[in-house]
>>> print(open('query19.cif').read())   # mmCIF, C-alpha atoms
data_structure
loop_
_atom_site.group_PDB
_atom_site.id
_atom_site.type_symbol
_atom_site.label_atom_id
_atom_site.label_comp_id
_atom_site.auth_asym_id
_atom_site.auth_seq_id
_atom_site.Cartn_x
_atom_site.Cartn_y
_atom_site.Cartn_z
ATOM 1 C CA MET A 18 35.946 -2.049 -29.225
ATOM 2 C CA ARG A 19 35.115 0.688 -26.724
ATOM 3 C CA LEU A 20 35.447 0.099 -23.021
ATOM 4 C CA GLY A 21 32.394 -1.181 -21.163
ATOM 5 C CA VAL A 22 30.899 -3.343 -23.922
ATOM 6 C CA ASP A 23 31.780 -7.035 -24.214
ATOM 7 C CA MET A 24 31.580 -8.028 -27.871
ATOM 8 C CA SER A 25 31.654 -11.722 -26.918
ATOM 9 C CA VAL A 26 28.277 -11.314 -25.176
ATOM 10 C CA ILE A 27 26.483 -8.702 -27.286
ATOM 11 C CA THR A 28 24.483 -10.338 -30.075
ATOM 12 C CA ALA A 29 25.872 -10.067 -33.584
ATOM 13 C CA LYS A 30 22.675 -11.179 -35.306
ATOM 14 C CA ALA A 31 21.625 -8.982 -38.240
ATOM 15 C CA ILE A 32 18.426 -7.634 -36.702
ATOM 16 C CA PRO A 33 17.323 -4.112 -37.657
ATOM 17 C CA ILE A 34 17.672 -1.787 -34.653
ATOM 18 C CA ARG A 35 14.037 -0.687 -34.755
ATOM 19 C CA GLU A 36 12.819 -4.293 -34.729
ATOM 20 C CA ARG A 37 14.688 -5.094 -31.512
ATOM 21 C CA LEU A 38 11.972 -3.314 -29.507
ATOM 22 C CA ILE A 39 8.798 -5.377 -29.118
ATOM 23 C CA PHE A 40 5.879 -3.503 -27.611
ATOM 24 C CA ALA A 41 3.564 -5.524 -25.371
ATOM 25 C CA LEU A 42 0.087 -4.549 -26.528
ATOM 26 C CA ASP A 43 -1.542 -5.292 -23.170
ATOM 27 C CA VAL A 44 -4.873 -3.458 -23.271
ATOM 28 C CA ALA A 45 -8.463 -4.455 -22.584
ATOM 29 C CA ASP A 46 -9.786 -4.990 -26.101
ATOM 30 C CA ALA A 47 -9.002 -4.841 -29.812
ATOM 31 C CA GLU A 48 -10.476 -1.360 -30.194
ATOM 32 C CA GLN A 49 -8.072 0.056 -27.618
ATOM 33 C CA ALA A 50 -5.242 -1.909 -29.236
ATOM 34 C CA ARG A 51 -5.907 -0.386 -32.661
ATOM 35 C CA GLY A 52 -6.087 3.098 -31.171
ATOM 36 C CA LEU A 53 -2.753 2.679 -29.438
ATOM 37 C CA VAL A 54 -1.112 1.240 -32.557
ATOM 38 C CA GLU A 55 -2.315 4.230 -34.572
ATOM 39 C CA GLN A 56 -1.034 6.591 -31.880
ATOM 40 C CA LEU A 57 2.398 4.924 -31.910
ATOM 41 C CA GLY A 58 2.605 4.989 -35.710
ATOM 42 C CA ASP A 59 6.051 4.145 -37.055
ATOM 43 C CA SER A 60 7.668 4.370 -33.603
ATOM 44 C CA VAL A 61 6.868 0.674 -33.081
ATOM 45 C CA GLU A 62 7.337 -2.020 -35.725
ATOM 46 C CA PHE A 63 7.007 -5.168 -33.601
ATOM 47 C CA TYR A 64 4.020 -6.007 -31.365
ATOM 48 C CA LYS A 65 3.384 -8.712 -28.774
ATOM 49 C CA ILE A 66 -0.222 -9.691 -28.136
ATOM 50 C CA GLY A 67 -1.063 -12.029 -25.301
ATOM 51 C CA LEU A 68 -3.773 -13.568 -23.187
ATOM 52 C CA GLU A 69 -5.684 -10.417 -22.271
ATOM 53 C CA LEU A 70 -6.468 -9.566 -25.900
ATOM 54 C CA PHE A 71 -7.002 -13.227 -26.748
ATOM 55 C CA MET A 72 -9.760 -13.441 -24.134
ATOM 56 C CA ALA A 73 -11.290 -10.160 -25.322
ATOM 57 C CA GLY A 74 -12.103 -11.643 -28.739
ATOM 58 C CA GLY A 75 -11.038 -10.709 -32.243
ATOM 59 C CA TYR A 76 -7.484 -11.971 -31.714
ATOM 60 C CA PHE A 77 -6.847 -13.239 -35.246
ATOM 61 C CA GLU A 78 -8.625 -10.266 -36.767
ATOM 62 C CA LEU A 79 -6.207 -8.033 -34.823
ATOM 63 C CA ILE A 80 -3.243 -10.051 -36.091
ATOM 64 C CA ASP A 81 -4.476 -9.636 -39.672
ATOM 65 C CA TRP A 82 -5.009 -5.888 -39.110
ATOM 66 C CA LEU A 83 -1.461 -5.461 -37.814
ATOM 67 C CA VAL A 84 0.097 -7.583 -40.550
ATOM 68 C CA ALA A 85 -1.754 -5.523 -43.174
ATOM 69 C CA ARG A 86 0.052 -2.495 -41.688
ATOM 70 C CA HIS A 87 3.410 -4.255 -42.110
ATOM 71 C CA LYS A 88 3.894 -4.818 -38.403
ATOM 72 C CA LYS A 89 5.765 -7.835 -37.055
ATOM 73 C CA MET A 90 3.810 -10.063 -34.671
ATOM 74 C CA PHE A 91 4.677 -11.952 -31.499
ATOM 75 C CA CYS A 92 1.890 -14.313 -30.404
ATOM 76 C CA ASP A 93 2.473 -14.709 -26.657
ATOM 77 C CA LEU A 94 -0.024 -17.324 -25.485
ATOM 78 C CA LYS A 95 2.491 -19.646 -23.778
ATOM 79 C CA PHE A 96 0.947 -22.856 -25.128
ATOM 80 C CA PHE A 97 1.071 -25.564 -22.453
ATOM 81 C CA ASP A 98 -0.919 -28.732 -23.069
ATOM 82 C CA VAL A 99 -0.410 -32.266 -24.324
ATOM 83 C CA PRO A 100 2.150 -32.264 -27.180
ATOM 84 C CA ALA A 101 -0.379 -32.958 -29.944
ATOM 85 C CA THR A 102 -2.561 -30.039 -28.866
ATOM 86 C CA VAL A 103 0.401 -27.648 -28.695
ATOM 87 C CA ALA A 104 1.518 -28.795 -32.146
ATOM 88 C CA ALA A 105 -1.976 -28.174 -33.522
ATOM 89 C CA ALA A 106 -1.994 -24.674 -32.029
ATOM 90 C CA ILE A 107 1.380 -23.838 -33.589
ATOM 91 C CA LYS A 108 0.123 -25.067 -36.970
ATOM 92 C CA ARG A 109 -2.726 -22.534 -36.743
ATOM 93 C CA LEU A 110 -0.131 -19.752 -36.625
ATOM 94 C CA ASN A 111 1.837 -20.824 -39.686
ATOM 95 C CA HIS A 112 1.547 -18.497 -42.703
ATOM 96 C CA ARG A 113 -0.360 -15.797 -40.804
ATOM 97 C CA GLY A 114 2.462 -13.280 -40.622
ATOM 98 C CA VAL A 115 3.381 -14.253 -37.037
ATOM 99 C CA THR A 116 7.105 -14.089 -36.281
ATOM 100 C CA PHE A 117 7.260 -15.551 -32.735
ATOM 101 C CA ALA A 118 5.052 -17.820 -30.630
ATOM 102 C CA THR A 119 5.668 -18.903 -27.049
ATOM 103 C CA ILE A 120 5.346 -22.342 -25.512
ATOM 104 C CA HIS A 121 5.829 -23.770 -22.047
ATOM 105 C CA GLY A 122 6.357 -27.297 -20.821
ATOM 106 C CA ASN A 123 8.580 -30.336 -21.055
ATOM 107 C CA GLN A 124 10.787 -31.821 -23.766
ATOM 108 C CA ALA A 125 7.938 -33.588 -25.567
ATOM 109 C CA ILE A 126 5.933 -30.350 -25.786
ATOM 110 C CA MET A 127 8.919 -28.413 -27.095
ATOM 111 C CA GLU A 128 9.723 -31.096 -29.667
ATOM 112 C CA ALA A 129 6.112 -31.227 -30.875
ATOM 113 C CA ALA A 130 5.975 -27.442 -31.263
ATOM 114 C CA ALA A 131 9.288 -27.349 -33.115
ATOM 115 C CA ALA A 132 8.150 -30.097 -35.492
ATOM 116 C CA ALA A 133 4.910 -28.220 -36.265
ATOM 117 C CA LYS A 134 6.418 -24.804 -36.983
ATOM 118 C CA GLN A 135 7.054 -23.581 -40.491
ATOM 119 C CA ASP A 136 7.431 -19.814 -40.822
ATOM 120 C CA VAL A 137 6.822 -19.208 -37.097
ATOM 121 C CA LYS A 138 9.768 -19.139 -34.695
ATOM 122 C CA VAL A 139 9.057 -20.972 -31.444
ATOM 123 C CA LEU A 140 10.280 -19.471 -28.166
ATOM 124 C CA ALA A 141 10.351 -21.560 -25.008
ATOM 125 C CA VAL A 142 9.586 -19.750 -21.763
ATOM 126 C CA THR A 143 12.354 -20.342 -19.211
ATOM 127 C CA VAL A 144 11.431 -18.652 -15.922
ATOM 128 C CA LEU A 145 8.874 -15.833 -15.860
ATOM 129 C CA THR A 146 10.361 -12.471 -14.898
ATOM 130 C CA SER A 147 7.651 -12.157 -12.232
ATOM 131 C CA LEU A 148 9.215 -15.100 -10.341
ATOM 132 C CA ASP A 149 12.161 -15.048 -7.954
ATOM 133 C CA ARG A 150 13.964 -17.630 -5.808
ATOM 134 C CA GLY A 151 11.138 -17.715 -3.256
ATOM 135 C CA ASP A 152 8.561 -18.372 -5.964
ATOM 136 C CA LEU A 153 10.621 -21.281 -7.314
ATOM 137 C CA ASP A 154 10.664 -22.767 -3.814
ATOM 138 C CA ASP A 155 6.863 -22.505 -3.736
ATOM 139 C CA LEU A 156 6.712 -24.309 -7.092
ATOM 140 C CA GLY A 157 8.991 -27.112 -5.880
ATOM 141 C CA PHE A 158 12.104 -26.319 -7.942
ATOM 142 C CA ASN A 159 15.189 -27.245 -5.940
ATOM 143 C CA CYS A 160 17.644 -25.134 -7.936
ATOM 144 C CA ASP A 161 18.471 -21.489 -8.423
ATOM 145 C CA VAL A 162 16.961 -19.368 -11.182
ATOM 146 C CA GLU A 163 20.053 -19.337 -13.385
ATOM 147 C CA GLN A 164 20.417 -23.127 -13.316
ATOM 148 C CA LEU A 165 16.774 -23.593 -14.278
ATOM 149 C CA VAL A 166 16.996 -21.048 -17.110
ATOM 150 C CA LEU A 167 20.140 -22.676 -18.533
ATOM 151 C CA SER A 168 18.628 -26.142 -18.290
ATOM 152 C CA ARG A 169 15.433 -25.146 -20.053
ATOM 153 C CA ALA A 170 17.306 -23.194 -22.738
ATOM 154 C CA ARG A 171 19.635 -26.092 -23.467
ATOM 155 C CA ARG A 172 16.688 -28.477 -23.778
ATOM 156 C CA ALA A 173 14.773 -26.015 -25.964
ATOM 157 C CA LEU A 174 17.640 -25.789 -28.443
ATOM 158 C CA GLU A 175 17.994 -29.579 -28.488
ATOM 159 C CA ALA A 176 14.237 -29.867 -29.158
ATOM 160 C CA GLY A 177 14.473 -27.606 -32.204
ATOM 161 C CA CYS A 178 13.076 -24.385 -30.733
ATOM 162 C CA ASP A 179 14.422 -21.115 -32.097
ATOM 163 C CA GLY A 180 14.937 -19.301 -28.838
ATOM 164 C CA VAL A 181 13.829 -18.550 -25.320
ATOM 165 C CA VAL A 182 12.087 -15.892 -23.292
ATOM 166 C CA SER A 183 14.409 -15.012 -20.441
ATOM 167 C CA SER A 184 15.201 -12.219 -18.034
ATOM 168 C CA GLY A 185 18.154 -10.051 -18.981
ATOM 169 C CA LEU A 186 19.752 -11.175 -15.726
ATOM 170 C CA GLU A 187 20.296 -14.629 -17.229
ATOM 171 C CA ALA A 188 21.246 -13.453 -20.730
ATOM 172 C CA ILE A 189 24.992 -13.441 -19.994
ATOM 173 C CA PRO A 190 25.184 -17.112 -18.900
ATOM 174 C CA LEU A 191 22.889 -18.040 -21.796
ATOM 175 C CA ARG A 192 25.400 -16.486 -24.206
ATOM 176 C CA GLN A 193 28.333 -18.075 -22.381
ATOM 177 C CA TYR A 194 27.004 -21.617 -22.054
ATOM 178 C CA ILE A 195 24.366 -22.056 -24.783
ATOM 179 C CA ASP A 196 24.809 -21.934 -28.560
ATOM 180 C CA ASN A 197 24.810 -18.362 -29.873
ATOM 181 C CA ARG A 198 22.162 -19.330 -32.468
ATOM 182 C CA LEU A 199 19.596 -19.170 -29.681
ATOM 183 C CA LEU A 200 17.325 -16.131 -29.833
ATOM 184 C CA ILE A 201 16.947 -14.388 -26.480
ATOM 185 C CA VAL A 202 13.806 -12.309 -26.007
ATOM 186 C CA THR A 203 13.875 -10.356 -22.755
ATOM 187 C CA PRO A 204 10.801 -8.965 -20.952
ATOM 188 C CA GLY A 205 10.862 -7.205 -17.592
ATOM 189 C CA ILE A 206 12.450 -4.034 -18.997
ATOM 190 C CA ARG A 207 12.254 -1.041 -16.735
ATOM 191 C CA PRO A 208 13.919 2.200 -17.892
ATOM 192 C CA VAL A 209 13.484 3.598 -14.375
ATOM 193 C CA GLU A 210 13.460 2.111 -10.878
ATOM 194 C CA ASN A 211 10.769 -0.518 -10.371
ATOM 195 C CA ARG A 212 7.666 0.602 -8.498
ATOM 196 C CA PRO A 213 6.592 -1.348 -5.370
ATOM 197 C CA SER A 214 3.291 -2.233 -7.089
ATOM 198 C CA ASP A 215 5.041 -3.721 -10.125
ATOM 199 C CA ASP A 216 4.668 -7.502 -10.500
ATOM 200 C CA GLN A 217 7.989 -7.833 -12.346
ATOM 201 C CA LYS A 218 10.823 -8.882 -10.034
ATOM 202 C CA ARG A 219 13.834 -9.819 -12.179
ATOM 203 C CA VAL A 220 14.197 -6.653 -14.240
ATOM 204 C CA VAL A 221 16.959 -4.879 -16.176
ATOM 205 C CA SER A 222 17.276 -1.623 -18.089
ATOM 206 C CA VAL A 223 17.138 -1.362 -21.887
ATOM 207 C CA GLU A 224 20.898 -0.921 -22.135
ATOM 208 C CA GLN A 225 21.742 -3.736 -19.721
ATOM 209 C CA ALA A 226 19.513 -6.231 -21.522
ATOM 210 C CA PHE A 227 21.423 -5.809 -24.784
ATOM 211 C CA LYS A 228 24.833 -5.550 -23.120
ATOM 212 C CA ASN A 229 24.011 -8.869 -21.444
ATOM 213 C CA GLY A 230 23.249 -10.499 -24.807
ATOM 214 C CA ALA A 231 19.519 -10.100 -25.522
ATOM 215 C CA ASP A 232 18.395 -10.063 -29.164
ATOM 216 C CA TYR A 233 15.035 -8.400 -28.481
ATOM 217 C CA ILE A 234 13.398 -6.663 -25.542
ATOM 218 C CA VAL A 235 9.688 -6.611 -24.687
ATOM 219 C CA VAL A 236 8.456 -3.337 -23.205
ATOM 220 C CA GLY A 237 4.878 -2.687 -22.138
ATOM 221 C CA ARG A 238 3.954 -0.335 -19.305
ATOM 222 C CA PRO A 239 6.913 2.089 -19.682
ATOM 223 C CA ILE A 240 5.552 2.928 -23.158
ATOM 224 C CA ARG A 241 1.813 2.365 -22.690
ATOM 225 C CA ASP A 242 1.588 4.370 -19.462
ATOM 226 C CA ALA A 243 3.932 7.174 -20.527
ATOM 227 C CA ALA A 244 2.574 10.703 -20.913
ATOM 228 C CA ALA A 245 3.753 10.522 -24.531
ATOM 229 C CA PRO A 246 3.898 6.841 -25.621
ATOM 230 C CA ARG A 247 5.366 7.572 -29.055
ATOM 231 C CA ALA A 248 8.175 9.666 -27.552
ATOM 232 C CA ALA A 249 8.840 6.933 -24.985
ATOM 233 C CA ALA A 250 9.212 4.347 -27.752
ATOM 234 C CA GLU A 251 11.540 6.604 -29.727
ATOM 235 C CA ALA A 252 13.691 7.184 -26.634
ATOM 236 C CA ILE A 253 14.075 3.416 -26.257
ATOM 237 C CA HIS A 254 15.173 3.128 -29.894
ATOM 238 C CA VAL A 255 17.871 5.728 -29.186
ATOM 239 C CA SER A 256 19.071 3.726 -26.172
ATOM 240 C CA ILE A 257 19.230 0.534 -28.239
ATOM 241 C CA ALA A 258 21.118 2.236 -31.072
ATOM 242 C CA ASN A 259 23.639 3.636 -28.583
ATOM 243 C CA VAL A 260 24.449 0.156 -27.270
ATOM 244 C CA PHE A 261 25.156 -1.221 -30.725
ATOM 245 C CA THR A 262 27.103 1.884 -31.751
ATOM 246 C CA GLN A 263 29.352 1.400 -28.715
ATOM 247 C CA ALA A 264 29.757 -2.269 -29.627
ATOM 248 C CA SER A 265 30.923 -1.474 -33.174
ATOM 249 C CA PRO A 266 34.648 -1.176 -33.828
ATOM 250 C CA ALA A 267 35.865 2.403 -33.518
ATOM 251 C CA GLN A 268 36.181 4.130 -36.841
#
>>> encode(input="query19.cif", output="structure tokens")
Amino acid sequence: MRLGVDMSVITAKAIPIRERLIFALDVADAEQARGLVEQLGDSVEFYKIGLELFMAGGYFELIDWLVARHKKMFCDLKFFDVPATVAAAIKRLNHRGVTFATIHGNQAIMEAAAAAKQDVKVLAVTVLTSLDRGDLDDLGFNCDVEQLVLSRARRALEAGCDGVVSSGLEAIPLRQYIDNRLLIVTPGIRPVENRPSDDQKRVVSVEQAFKNGADYIVVGRPIRDAAAPRAAAEAIHVSIANVFTQASPAQ
């Protein structure tokens, strides 16, 4: 092992390098989404679509369009309702070509979602990357961020969920204290210094996310708002490949 990379933390799951980047397709409508997907071409293989596109209409038609182009899908709607309703929502995603779906909520919600899933992997949201210690105080959580993330991740695994959405800042303790089977999907990736106007607070770089133990990263604005989105995506793939090359035993 080369210096600077901890093999006990870095994920050893057999995930293709180019599938470790998930692009957050956060645009105003399905027409813009299709245009951006076509612009990105084969530089992105995995897409996350969330609430903005859901509210714009044509959500499932967009999923079908992406699946027909052999893209992997992350349905990020953060289902949070009574357990039976969340279970029914997860059932709607089975056998549609969706890889991941997000849920929020307590143990009963997580258990209901896990029981309803078939070919969809359920990810439990731990603490949004837009929240910090002050925000948790506002929400009435009398614990630090790391403790809350670990608690929710442990309960998610016990409930039968496949993984969690977590900041890269908490990925190391997740790998140290939670079963390595847990998938860690990390948003809040910023290749450069965060701008004051950015709503993400707990951020890490591409390299740090994977060195801390993430399985996947979710990147939106750094690709979408780049002068050359396709080149920006390809540069991220190079950064990811470098991390895993460093983590491989020296030849």
>>> closest_residue(input="query19.cif", among="A:Asp136, A:Glu224, A:Asp242, A:Glu175", to="Ile27 (chain A)", atoms="only C-alpha atoms")
A:Glu224
>>> atom_distance(input="query19.cif", atom1="CA of Tyr233 (chain A)", atom2="CA of Val99 (chain A)")
28.7 Å
>>> atom_distance(input="query19.cif", atom1="CA of Phe97 (chain A)", atom2="CA of Leu186 (chain A)")
24.5 Å
>>> axis_aligned_box(input="query19.cif", around="region 79-98 of chain A", padding_each_side="5 Å", output="JSON")
{"center_x": -0.2, "center_y": -15.6, "center_z": -32.8, "size_x": 22.0, "size_y": 36.2, "size_z": 30.7}
>>> residues_around(input="query19.cif", residues="region 77-86 of chain A", least_positions_apart="3", cutoff="10 Å", atoms="only C-alpha atoms", output="PyMOL selection string")
chain A and resi 46-48+50-51+54+58+62-66+70-71+74+89-92+110+113-115
>>> atom_distance(input="query19.cif", atom1="CA of Tyr194 (chain A)", atom2="CA of Asp161 (chain A)")
16.1 Å
>>> resolve_selection(input="query19.cif", expression="the PyMOL selection byres ((chain A and resi 258) around 12)", output="ChimeraX atom specification")
/A:32-38,223-224,227-228,251-257,259-265
>>> resolve_selection(input="query19.cif", expression="the PyMOL selection byres ((chain A and resi 189) around 12)", output="number ranges by chain")
A: 23-28, 163, 166-167, 183-188, 190-195, 197, 201, 203, 225-232
>>> closest_residue(input="query19.cif", among="A:Ala173, A:Ala130, A:Ala104, A:Ile39", to="Pro204 (chain A)", atoms="only C-alpha atoms")
A:Ile39
>>> closest_residue(input="query19.cif", among="A:Leu42, A:Ala105, A:Ile206, A:Ala133", to="Tyr76 (chain A)", atoms="only C-alpha atoms")
A:Leu42
>>> resolve_selection(input="query19.cif", expression="the PyMOL selection byres ((chain A and resi 56) around 12)", output="list in words")
Gln49, Ala50, Arg51, Gly52, Leu53, Val54, Glu55, Leu57, Gly58, Asp59, Ser60, Val61, Ile240, Arg241, Ala245, Pro246, Arg247, Ala248 and Ala250 of chain A
>>> closest_residue(input="query19.cif", among="A:Leu174, A:Val181, A:Val162, A:Ala132", to="Thr119 (chain A)", atoms="only C-alpha atoms")
A:Val181
>>> residues_near_point(input="query19.cif", point="(13.4, -27.9, -24.0)", cutoff="6 Å", atoms="all atoms listed in the file", output="number ranges by chain")
A: 124, 127, 169, 172-173, 176
>>> write_last_selection(input="query19.cif", atoms="C-alpha atoms", output="tab-separated table (two decimals), in the frame of the given file")
chain	number	residue	atom	x	y	z
A	124	GLN	CA	10.79	-31.82	-23.77
A	127	MET	CA	8.92	-28.41	-27.10
A	169	ARG	CA	15.43	-25.15	-20.05
A	172	ARG	CA	16.69	-28.48	-23.78
A	173	ALA	CA	14.77	-26.02	-25.96
A	176	ALA	CA	14.24	-29.87	-29.16
>>> build_atoms(input="query19.cif", residues="region 53-63 of chain A", atoms="all heavy atoms", output="PDB file, in the frame of the given file")
ATOM      1  N   LEU A  53      -4.121   2.498 -29.907  1.00  0.00           N
ATOM      2  CA  LEU A  53      -2.753   2.679 -29.438  1.00  0.00           C
ATOM      3  C   LEU A  53      -1.746   2.467 -30.566  1.00  0.00           C
ATOM      4  O   LEU A  53      -0.764   3.203 -30.681  1.00  0.00           O
ATOM      5  CB  LEU A  53      -2.478   1.723 -28.281  1.00  0.00           C
ATOM      6  CG  LEU A  53      -1.139   1.875 -27.542  1.00  0.00           C
ATOM      7  CD1 LEU A  53      -0.884   3.318 -27.141  1.00  0.00           C
ATOM      8  CD2 LEU A  53      -1.114   0.955 -26.324  1.00  0.00           C
ATOM      9  N   VAL A  54      -1.996   1.468 -31.408  1.00  0.00           N
ATOM     10  CA  VAL A  54      -1.112   1.240 -32.557  1.00  0.00           C
ATOM     11  C   VAL A  54      -1.087   2.465 -33.463  1.00  0.00           C
ATOM     12  O   VAL A  54      -0.029   2.904 -33.933  1.00  0.00           O
ATOM     13  CB  VAL A  54      -1.563  -0.008 -33.348  1.00  0.00           C
ATOM     14  CG1 VAL A  54      -0.807  -0.122 -34.675  1.00  0.00           C
ATOM     15  CG2 VAL A  54      -1.345  -1.269 -32.518  1.00  0.00           C
ATOM     16  N   GLU A  55      -2.254   3.040 -33.717  1.00  0.00           N
ATOM     17  CA  GLU A  55      -2.315   4.230 -34.572  1.00  0.00           C
ATOM     18  C   GLU A  55      -1.615   5.411 -33.915  1.00  0.00           C
ATOM     19  O   GLU A  55      -0.949   6.216 -34.586  1.00  0.00           O
ATOM     20  CB  GLU A  55      -3.766   4.557 -34.895  1.00  0.00           C
ATOM     21  CG  GLU A  55      -4.392   3.537 -35.843  1.00  0.00           C
ATOM     22  CD  GLU A  55      -5.879   3.751 -36.065  1.00  0.00           C
ATOM     23  OE1 GLU A  55      -6.505   4.490 -35.268  1.00  0.00           O
ATOM     24  OE2 GLU A  55      -6.423   3.170 -37.030  1.00  0.00           O
ATOM     25  N   GLN A  56      -1.726   5.518 -32.596  1.00  0.00           N
ATOM     26  CA  GLN A  56      -1.034   6.591 -31.880  1.00  0.00           C
ATOM     27  C   GLN A  56       0.485   6.421 -31.976  1.00  0.00           C
ATOM     28  O   GLN A  56       1.215   7.402 -32.152  1.00  0.00           O
ATOM     29  CB  GLN A  56      -1.463   6.593 -30.408  1.00  0.00           C
ATOM     30  CG  GLN A  56      -0.800   7.679 -29.562  1.00  0.00           C
ATOM     31  CD  GLN A  56      -1.210   7.599 -28.106  1.00  0.00           C
ATOM     32  OE1 GLN A  56      -1.999   6.749 -27.701  1.00  0.00           O
ATOM     33  NE2 GLN A  56      -0.660   8.488 -27.293  1.00  0.00           N
ATOM     34  N   LEU A  57       0.958   5.188 -31.875  1.00  0.00           N
ATOM     35  CA  LEU A  57       2.398   4.924 -31.910  1.00  0.00           C
ATOM     36  C   LEU A  57       2.976   5.064 -33.320  1.00  0.00           C
ATOM     37  O   LEU A  57       4.156   5.376 -33.486  1.00  0.00           O
ATOM     38  CB  LEU A  57       2.692   3.526 -31.358  1.00  0.00           C
ATOM     39  CG  LEU A  57       2.484   3.379 -29.841  1.00  0.00           C
ATOM     40  CD1 LEU A  57       2.481   1.916 -29.449  1.00  0.00           C
ATOM     41  CD2 LEU A  57       3.553   4.147 -29.073  1.00  0.00           C
ATOM     42  N   GLY A  58       2.154   4.820 -34.328  1.00  0.00           N
ATOM     43  CA  GLY A  58       2.605   4.989 -35.710  1.00  0.00           C
ATOM     44  C   GLY A  58       3.860   4.194 -36.020  1.00  0.00           C
ATOM     45  O   GLY A  58       3.977   3.016 -35.661  1.00  0.00           O
ATOM     46  N   ASP A  59       4.842   4.845 -36.656  1.00  0.00           N
ATOM     47  CA  ASP A  59       6.051   4.145 -37.055  1.00  0.00           C
ATOM     48  C   ASP A  59       7.095   4.075 -35.944  1.00  0.00           C
ATOM     49  O   ASP A  59       8.215   3.625 -36.168  1.00  0.00           O
ATOM     50  CB  ASP A  59       6.661   4.776 -38.312  1.00  0.00           C
ATOM     51  CG  ASP A  59       7.026   6.244 -38.119  1.00  0.00           C
ATOM     52  OD1 ASP A  59       6.890   6.756 -36.989  1.00  0.00           O
ATOM     53  OD2 ASP A  59       7.453   6.886 -39.105  1.00  0.00           O
ATOM     54  N   SER A  60       6.727   4.485 -34.721  1.00  0.00           N
ATOM     55  CA  SER A  60       7.668   4.370 -33.603  1.00  0.00           C
ATOM     56  C   SER A  60       7.776   2.937 -33.095  1.00  0.00           C
ATOM     57  O   SER A  60       8.710   2.615 -32.355  1.00  0.00           O
ATOM     58  CB  SER A  60       7.258   5.299 -32.454  1.00  0.00           C
ATOM     59  OG  SER A  60       6.066   4.854 -31.839  1.00  0.00           O
ATOM     60  N   VAL A  61       6.832   2.096 -33.455  1.00  0.00           N
ATOM     61  CA  VAL A  61       6.868   0.674 -33.081  1.00  0.00           C
ATOM     62  C   VAL A  61       6.608  -0.163 -34.320  1.00  0.00           C
ATOM     63  O   VAL A  61       5.625   0.065 -35.039  1.00  0.00           O
ATOM     64  CB  VAL A  61       5.827   0.338 -31.986  1.00  0.00           C
ATOM     65  CG1 VAL A  61       5.777  -1.173 -31.733  1.00  0.00           C
ATOM     66  CG2 VAL A  61       6.148   1.085 -30.694  1.00  0.00           C
ATOM     67  N   GLU A  62       7.483  -1.139 -34.570  1.00  0.00           N
ATOM     68  CA  GLU A  62       7.337  -2.020 -35.725  1.00  0.00           C
ATOM     69  C   GLU A  62       7.006  -3.454 -35.335  1.00  0.00           C
ATOM     70  O   GLU A  62       6.627  -4.250 -36.196  1.00  0.00           O
ATOM     71  CB  GLU A  62       8.616  -1.989 -36.561  1.00  0.00           C
ATOM     72  CG  GLU A  62       8.928  -0.610 -37.136  1.00  0.00           C
ATOM     73  CD  GLU A  62      10.134  -0.616 -38.050  1.00  0.00           C
ATOM     74  OE1 GLU A  62      10.640  -1.713 -38.381  1.00  0.00           O
ATOM     75  OE2 GLU A  62      10.583   0.480 -38.432  1.00  0.00           O
ATOM     76  N   PHE A  63       7.148  -3.784 -34.041  1.00  0.00           N
ATOM     77  CA  PHE A  63       7.007  -5.168 -33.601  1.00  0.00           C
ATOM     78  C   PHE A  63       6.085  -5.166 -32.380  1.00  0.00           C
ATOM     79  O   PHE A  63       6.328  -4.445 -31.404  1.00  0.00           O
ATOM     80  CB  PHE A  63       8.376  -5.713 -33.225  1.00  0.00           C
ATOM     81  CG  PHE A  63       8.546  -7.207 -33.391  1.00  0.00           C
ATOM     82  CD1 PHE A  63       9.786  -7.732 -33.727  1.00  0.00           C
ATOM     83  CD2 PHE A  63       7.499  -8.094 -33.197  1.00  0.00           C
ATOM     84  CE1 PHE A  63       9.982  -9.086 -33.876  1.00  0.00           C
ATOM     85  CE2 PHE A  63       7.675  -9.456 -33.345  1.00  0.00           C
ATOM     86  CZ  PHE A  63       8.926  -9.956 -33.689  1.00  0.00           C
TER      87      PHE A  63
END
